[in-house]
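As structure tokens, the structure follows; a few thoughts come after it.
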Amino acid sequence: MEAKYLEKFLWMAERVQELDIATGQSEIIADLPRWQKLSRERASLLPAVEAYKNYLKLLSDIEGAKELLLDPDMAEEAKEELAALEAEEEKQSEQLKLFLIPRDPNDDRNVILEVRAGAGGDEASLFAALLLRMYLRYAERSGMRASVTDINETELGGIKEAVVTLTGGGAFSRLKFESGVHRIQRVPVTEAGGRIHTSTATVAVLPEAEDVEVEVKQEDIRIDTYRASGHGGQYINRTDSAVRITHMPSGLVVTCQDEKSQLKNKEKAMRVLKSRLYDLYRSQAESEYAENRRALVGSGERNERIRTYNFPQGRVTDHRIGLTLYKIDAIVDGDLNEIIDALTMEDQAQKLKALE
């Protein structure tokens, strides 16, 4: 590995030592937000530092094998060992470079996932419901916790829009490439002629903001309460428990009617509002980075088609990387790992090229 890369790992190792000392100091322990920030930084650097230490040991072993080549009695054995060690060095060198890729600071965050019906009328609403179920099943498979914050359902069982919080499992790192326009091609149950219809739905994946990062002033918001809607029966809410929060400077509006308690709905709505504001500020601050990523995975804006689900042919195609899989039933049941892994690997490959 080139010296310029090893210098970066040396800095990481020294930084971990500094953080070990800092996080043990009483004044920092007393400042919980600061202690958490430093602890997260240490945790993010530690895997790279451990891999770096293993790599240094491997280099030492290689030098030892080279010395044994000078011993006639050990030369043949040392030659075989050296070949194996050098092959391992090449492998570890490439793996180490992955740690040098600028890490998305939001990767460990929870996610606010929003699904909305797009073009296609009732079929678009049914598609949005299918996507929502797909992500809920993926969360279940991945050990994430899902909480529906708000949902606007149609009489046919579709949804106009839904907002879900996904917690744990590195949610943002796994789902951040899902933002954009998803397209479905299938014969709707309402189509008597058997014609294939094309409909769309949009997905937005936002990193959940922490309280210390986004300040929402009381004078900047308007809170309205109203009676939660439903299909009837025991689920009709007879009190004004639903909450609508309007952030007047940005024009953002958030609603929550999932809980029977007005206070809990307000808390959930505020979490969503802060995450949307965080995403808004993040997008403004990272416009240059977003432009660089657009060629790889799209900007995540609503007018981009990122994936097609073609039911007649049983295929799912991700247009950003040209990946087509013929297992649509498994994918819409939440088996997304193959697609997500491929997007992540392509993202890493592009960033590795930028390091050279």
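Simple scheme: letters A, B, ... for chains in structure tokens order, numbers from 1 for residues in each chain, numbers from 1 for ligands in the order shown.
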(request) Using only C-alpha atoms, determine which residues lie at most 7 Å from Asn152 of chain A, disregarding the query and same-chain residues fewer than 6 positions distant; provide the list as a PyMOL selection string. (result) chain A and resi 159-162
I'd like the contact shell of segment 203-209 of chain A - 9 Å cut-off, only C-alpha atoms, skipping same-chain residues fewer than 2 positions apart - returned as a compact mmCIF listing (two decimals) with C-alpha atoms, in the first residue's frame.
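As a result, part-v3.txt now contains:
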# COMPACT_ATOMS: atom_id res chain seq x y z
CA ASN A 106 -25.62 9.82 8.60
CA ASP A 107 -25.07 6.09 8.01
CA ASP A 108 -25.80 5.04 11.59
CA ARG A 109 -28.89 7.18 11.90
CA ASN A 110 -32.48 6.04 12.05
CA VAL A 111 -34.66 6.75 9.04
CA ILE A 112 -37.82 8.68 8.32
CA LEU A 113 -39.19 6.91 5.23
CA GLU A 114 -41.94 8.53 3.19
CA VAL A 115 -43.90 6.75 0.46
CA ARG A 116 -46.33 8.63 -1.79
CA ALA A 128 -47.47 2.79 -2.88
CA LEU A 131 -43.79 -0.47 -1.54
CA THR A 165 -39.76 5.65 11.31
CA ALA A 171 -31.07 2.03 8.73
CA PHE A 172 -29.86 5.02 6.71
CA LEU A 175 -31.85 2.50 2.67
CA LYS A 176 -30.32 5.80 1.54
CA PHE A 177 -30.26 4.77 -2.13
CA GLU A 178 -34.02 4.06 -2.17
CA SER A 179 -35.01 7.71 -2.61
CA GLY A 180 -36.55 8.50 -5.97
CA VAL A 181 -39.32 7.46 -8.34
CA HIS A 182 -40.26 3.76 -8.44
CA ALA A 201 -44.75 6.07 -6.50
CA ASP A 211 -32.56 17.18 19.08
CA VAL A 212 -29.20 18.89 19.48
CA GLU A 213 -28.85 19.42 15.71
CA VAL A 214 -32.10 21.09 14.68
CA ARG A 271 -39.44 14.09 15.20
CA VAL A 272 -40.54 13.95 11.57
CA LYS A 274 -36.92 17.94 12.63
CA SER A 275 -35.77 15.20 10.27
CA ARG A 276 -37.28 16.96 7.27
CA LEU A 277 -35.63 20.22 8.31
CA TYR A 278 -32.33 18.42 8.87
CA ASP A 279 -32.60 16.90 5.40
CA GLY A 300 -33.07 11.14 -5.16
CA GLU A 301 -35.36 13.84 -6.50
CA ARG A 302 -38.97 12.99 -7.25
(message) Would you pick out the contacts of segment 321-336 of chain A at 12 Å or less, using only C-alpha atoms, so that residues sharing its chain but fewer than 3 positions from it are not included, and give the list as a ChimeraX atom specification?
(response) /A:127-142,174-175,177-178,184-186,295-298,306-318,339-347,350
(request) Tell me, in Å to one decimal, how far atom CA of Lys4 of chain A is from atom CA of Leu355 of chain A. (result)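 Atom-to-atom, atom CA of Lys4 of chain A and atom CA of Leu355 of chain A are spaced 10.6 Å apart.
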(message) I want to know what sits within 8 Å of Ala51 of chain A, based on only C-alpha atoms, with residues of the same chain fewer than 4 positions away left out; could you give that as a list in words?
(response)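 The neighbour list is Pro47, Tyr55 and Leu96 of chain A.
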(request) Can you list, as a ChimeraX atom specification, all residues belonging to segment 109-323 of chain A that DSSP tags as strand (DSSP E)? (result) /A:111-117,145-153,159-167,180-186,197-207,221-226,242-247,252-256,305-310,315-318,323
(message) With DSSP run on the backbone, what are the alpha helix (DSSP H) residues within segment 128-287 of chain A? I'd like them as a VMD selection string.
(response) chain A and resid 128 to 142 171 to 175 262 to 285 287
(message) Report as a VMD selection string all protein, DNA and RNA residues lying within 9 Å of Glu123 of chain A, evaluated on only C-alpha atoms, omitting residues in the same chain fewer than 5 positions from it.
(response) chain A and resid 117 128 158 188 to 190 197 to 200
Please write the residues from the selection above to a file, keeping N, CA and C atoms, as a PDB file, in the first residue's frame.
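Output saved as again_27.pdb:
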ATOM      1  N   ALA A 117     -48.012   7.986  -3.389  1.00  0.00           N
ATOM      2  CA  ALA A 117     -48.505   7.574  -4.700  1.00  0.00           C
ATOM      3  C   ALA A 117     -48.168   8.646  -5.726  1.00  0.00           C
ATOM      4  N   ALA A 128     -48.067   2.165  -4.067  1.00  0.00           N
ATOM      5  CA  ALA A 128     -47.468   2.787  -2.884  1.00  0.00           C
ATOM      6  C   ALA A 128     -47.645   1.888  -1.663  1.00  0.00           C
ATOM      7  N   GLY A 158     -55.218   0.966  -0.981  1.00  0.00           N
ATOM      8  CA  GLY A 158     -53.964   1.624  -1.319  1.00  0.00           C
ATOM      9  C   GLY A 158     -53.652   2.723  -0.321  1.00  0.00           C
ATOM     10  N   PRO A 188     -53.612  -4.245 -13.742  1.00  0.00           N
ATOM     11  CA  PRO A 188     -54.376  -3.979 -12.524  1.00  0.00           C
ATOM     12  C   PRO A 188     -55.572  -4.919 -12.400  1.00  0.00           C
ATOM     13  N   VAL A 189     -55.994  -5.184 -11.179  1.00  0.00           N
ATOM     14  CA  VAL A 189     -57.145  -6.063 -10.954  1.00  0.00           C
ATOM     15  C   VAL A 189     -58.422  -5.448 -11.526  1.00  0.00           C
ATOM     16  N   THR A 190     -58.410  -4.136 -11.719  1.00  0.00           N
ATOM     17  CA  THR A 190     -59.587  -3.440 -12.249  1.00  0.00           C
ATOM     18  C   THR A 190     -59.599  -3.387 -13.770  1.00  0.00           C
ATOM     19  N   HIS A 197     -50.561  -1.692 -17.255  1.00  0.00           N
ATOM     20  CA  HIS A 197     -50.526  -0.279 -16.888  1.00  0.00           C
ATOM     21  C   HIS A 197     -49.177   0.052 -16.240  1.00  0.00           C
ATOM     22  N   THR A 198     -48.769   1.285 -16.401  1.00  0.00           N
ATOM     23  CA  THR A 198     -47.552   1.781 -15.761  1.00  0.00           C
ATOM     24  C   THR A 198     -47.927   2.863 -14.767  1.00  0.00           C
ATOM     25  N   SER A 199     -47.515   2.691 -13.525  1.00  0.00           N
ATOM     26  CA  SER A 199     -47.794   3.654 -12.472  1.00  0.00           C
ATOM     27  C   SER A 199     -46.514   3.925 -11.700  1.00  0.00           C
ATOM     28  N   THR A 200     -46.542   4.994 -10.922  1.00  0.00           N
ATOM     29  CA  THR A 200     -45.346   5.363 -10.164  1.00  0.00           C
ATOM     30  C   THR A 200     -45.688   5.681  -8.713  1.00  0.00           C
TER      31      THR A 200
END
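Within 9 Å of segment 16-23 of chain A, once only C-alpha atoms are used and residues closer than 5 positions along the same chain are dropped, the contacting residues are Trp11, Ile28, Ile29, Trp35, Gln36, Leu38, Ser39, Glu41, Arg42, Ala43, Leu45, Leu46 and Val49 of chain A.
Among the candidates A:Ala146, A:Glu210, A:Glu153, A:Asp220, the one nearest to Pro33 of chain A when counting only C-alpha atoms is A:Glu210.
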(message) At a cut-off of 12 Å, using only C-alpha atoms, what residues contact Ser60 of chain A? Leave out same-chain residues fewer than 4 positions from it and give the result as number ranges by chain.
(response) A: 53-56, 64-67, 82, 85-86, 89
(message) One decimal, in Å: what's the spacing between atom CA of Ala48 of chain A and atom CA of Tyr5 of chain A?
(response) 12.0 Å
